[in-house]
Every structure is written in C-alpha cells, then in structure tokens.
Amino acid sequence: RGLSTVLYPEKNQSNSILIMTTDETTAEATTTTTEAPTTTTEAPQQPEELQLVPESVLRRKHDLDELKAKRAAQELENPRGNRKVFNPKVKRIRVIKPESFVAAATSRNNAKTRFNRVRKKGMQTRASNKEIVQEREVVVKGKDKGEETEVEKTIVKYAANSVGADVIFAIRIRNDRRTTIPPAVRKKLSMFRLRNVNEGVFVQYSERSRKNLQLLEPYIAYGILTKATISDLITRRGHGKVEGKRVPLMDNTIIETALGDDTGIICVEDLVEEIASPSSNFQKANNFLWPFHLTAPRTNFQKKTLGEVDGKDYGDRGETIDELIRQML
C-alpha cells in the first residue's frame, strides 16, 4: 500500500530515528523518536571552605543593623521625622534673631568710626614712626647627656615693626560677615587684593602704603619676611596670572613668557630676587603673582579649646610674622 522511509541520524547528533509513512489516499506523516539511554557519572562534591570574616567587620555590620533598627523604630513613632529639615527640595527657613542685627550694626559702626579717625588723625601714639628693636630668647640647640637634655639659649634682637623695610607681606586674618564690615574697609581690602581670609600679598612699603595698612590693621597682619621664606612661599604656594587665570608656577617657561620680554625675569630665582630686593620691575612682578592662598595656623578645635580668637595677633608684627607664615605654608 504505502511506502515507509526510515531516516537515520547523522554523527554528533542524539540517538533518534525518524520514521515517516506516506499513504496513497491520505498523506499523513507520523514521527516516532526513540532516545537511547544515557548514563552520567557525577563527581563527588567537595565541601566549600568557609571564609573567615574579621571581627571588626562583624562589629561594624552589627552596629549598622542596630542603627537601622533604631531608625525604623523612630520612623514608626514619628513618620515625618526631620524630613522637612534635611530634604534638599524643601526651602529651609532661616530665623535670625533681632540681637544679630543689633550686634552687626554696632560692629559696623565701631569699625567705621575707627576707620575715619585713623584716616584723619593717623595712629597717633599707637604706632611709632621709628624702627623698634626688641630682644627675645631663642633656643639654639640641645645636647643629650645621659637621661638629661641640656638646652642652650641665646638672646636675639629683632625688628618689632616694619619701619624701614622695602617690602612687607600682608595677610588677612579675619573673616567677618559682610554686614559687619563698612564699605570703605571692603574697598581698601579689595585694593590690596585681600578679599578672602588667609590670603596674602607682597606690598612695597612706603609712607602711603603704611597709612593704608594702618586703616586695615584690625583685619590684617603684616611684617617682614626673610629671603628663605619668600623663596618657599613662591615655590610651594606660588601661582601666576596668565590671561586672567590662576596658573601654578610649575615651569619656568610660564614666568619667562609673562615677564621675560618686559622685565628680564625668566625663572623662579629671578622672581624671588626681585621680590626680596625690589627694583623698578617690582610692580610688574608683584602683579603677575596671584594672591597666596595659605592655611589657617590653628584649627577650630584649638581656637575653642585654647580660647584663641580670630584677629588676636593683628597689625604690624615686624619680623615675627615670619614664624606665622611658616606655620601657614
């Protein structure tokens, strides 16, 4: 009646036989698949080694779990919590007490009164027009003798003010709120490029600059730096003004490009020599230097603990400012 076709599988295929049967009257195809039994042998599983977790990690995880549970309990008690305060999308309302306005106005009026008095009458007896030389005791070296240490001290003379100096370094030490500083004082600070706290600049010391510095004494400290400190200051914290941008002095080519044609200053050593011993090119070299950004000599913790207040050591400090700048480098 009909024909039957048996198809055998090719190599690399499963053991199956496909049988197709065709009828003359009805064309039907039936498929029968037979699979050969397969036997697989599984390798015995080896027990996994447990990883040891440090005790500090476990304690930290335990503390975090406790903190999460505590916060979840607080969320159940007070669903809103501090969401209104710490949510960045919610505009916070700042409450300023009336006493703050009174204190700011009083400080601003006092600063304005002092500024006008010094501008008209000068410092009077609060500053000397002559160079003041004082003495202090300095530790030279110590010798170890068994369990005891012998310390040798000597007396050194130093200039207590900046009278007679060619160049001084001024640094802003107070960061009062804008509402407490009179506009005239802010204008003078901007003239010296001392717009932020812990910023310092070199100033050519003259009678005119001396009067302007005396107007700003409650906000700044200034004095004489040694050549070694000037070199460290320019080398470690020096930045130049290139096309209106603050650029670190990483290469002498920056200095040569900016000052080489006009002043002949081609390297850092020439710049240090010009600042330490000013000549006719001092103003160009000083304008090229960006105001120095220094670090605070004391931390907030030390100020609160030791009772140190901003602006304690202000005004003309003479040669003692060299130690302050060393701490702020």
# chains A, B, ... in the order shown; residues from 1 in each chain; ligands from 1
>>> select_by_dssp(residues="segment 53-220 of chain A", states="helix (DSSP H, G or I)", output="PyMOL selection string")
chain A and resi 55-77+83-86+98-121+124-126+178-180+183-191+207-215
>>> residues_around(residues="Ala221 of chain A", least_positions_apart="3", cutoff="12 Å", atoms="only C-alpha atoms", output="MDAnalysis selection string")
chainID A and resid 161:162 168:174 194 197:201 213:218 224 310:322 324:325
>>> residues_around(residues="segment 182-190 of chain A", least_positions_apart="2", cutoff="10 Å", atoms="only C-alpha atoms", output="ChimeraX atom specification")
/A:105,107-113,115-116,172,178-180,192-196,212-213,215-216,219-220
>>> select_by_dssp(residues="segment 160-320 of chain A", states="strand (DSSP E or B)", output="PyMOL selection string")
chain A and resi 167-172+199-204+220-223+239-242+245-248+289+292-293+315-318
>>> write_last_selection(atoms="C-alpha atoms", output="mmCIF file, in the first residue's frame")
data_model
loop_
_atom_site.group_PDB
_atom_site.id
_atom_site.type_symbol
_atom_site.label_atom_id
_atom_site.label_comp_id
_atom_site.auth_asym_id
_atom_site.auth_seq_id
_atom_site.Cartn_x
_atom_site.Cartn_y
_atom_site.Cartn_z
ATOM 1 C CA VAL A 167 58.815 95.055 51.035
ATOM 2 C CA ILE A 168 56.367 93.599 53.519
ATOM 3 C CA PHE A 169 53.940 90.690 53.354
ATOM 4 C CA ALA A 170 50.318 91.339 54.359
ATOM 5 C CA ILE A 171 47.798 88.600 55.126
ATOM 6 C CA ARG A 172 44.128 88.814 56.010
ATOM 7 C CA GLU A 199 45.124 85.345 51.557
ATOM 8 C CA GLY A 200 48.443 87.182 51.432
ATOM 9 C CA VAL A 201 50.211 89.587 49.085
ATOM 10 C CA PHE A 202 53.520 91.407 48.869
ATOM 11 C CA VAL A 203 53.345 95.179 49.284
ATOM 12 C CA GLN A 204 56.061 97.727 48.565
ATOM 13 C CA ILE A 220 45.231 92.029 58.579
ATOM 14 C CA ALA A 221 48.691 91.212 59.885
ATOM 15 C CA TYR A 222 51.845 92.306 58.090
ATOM 16 C CA GLY A 223 55.566 92.283 58.563
ATOM 17 C CA HIS A 239 50.549 80.990 41.251
ATOM 18 C CA GLY A 240 50.730 83.394 38.344
ATOM 19 C CA LYS A 241 48.147 85.352 36.404
ATOM 20 C CA VAL A 242 48.078 84.155 32.796
ATOM 21 C CA LYS A 245 43.532 82.741 35.050
ATOM 22 C CA ARG A 246 45.271 81.351 38.125
ATOM 23 C CA VAL A 247 48.086 79.100 36.915
ATOM 24 C CA PRO A 248 50.546 77.276 39.228
ATOM 25 C CA LEU A 289 51.776 86.828 41.287
ATOM 26 C CA PHE A 292 48.765 83.463 48.039
ATOM 27 C CA HIS A 293 46.186 81.069 49.495
ATOM 28 C CA GLY A 315 48.653 94.777 62.808
ATOM 29 C CA ASP A 316 52.359 95.371 62.301
ATOM 30 C CA ARG A 317 54.288 92.377 63.630
ATOM 31 C CA GLY A 318 57.691 93.158 62.190
#
>>> residues_around(residues="Glu135 of chain A", least_positions_apart="2", cutoff="7 Å", atoms="only C-alpha atoms", output="PyMOL selection string")
chain A and resi 155-158
>>> residues_around(residues="Ile230 of chain A", least_positions_apart="5", cutoff="8 Å", atoms="only C-alpha atoms", output="number ranges by chain")
A: 225, 272, 275-276
>>> atom_distance(atom1="atom CA of Ile181 of chain A", atom2="atom CA of Arg119 of chain A")
16.3 Å
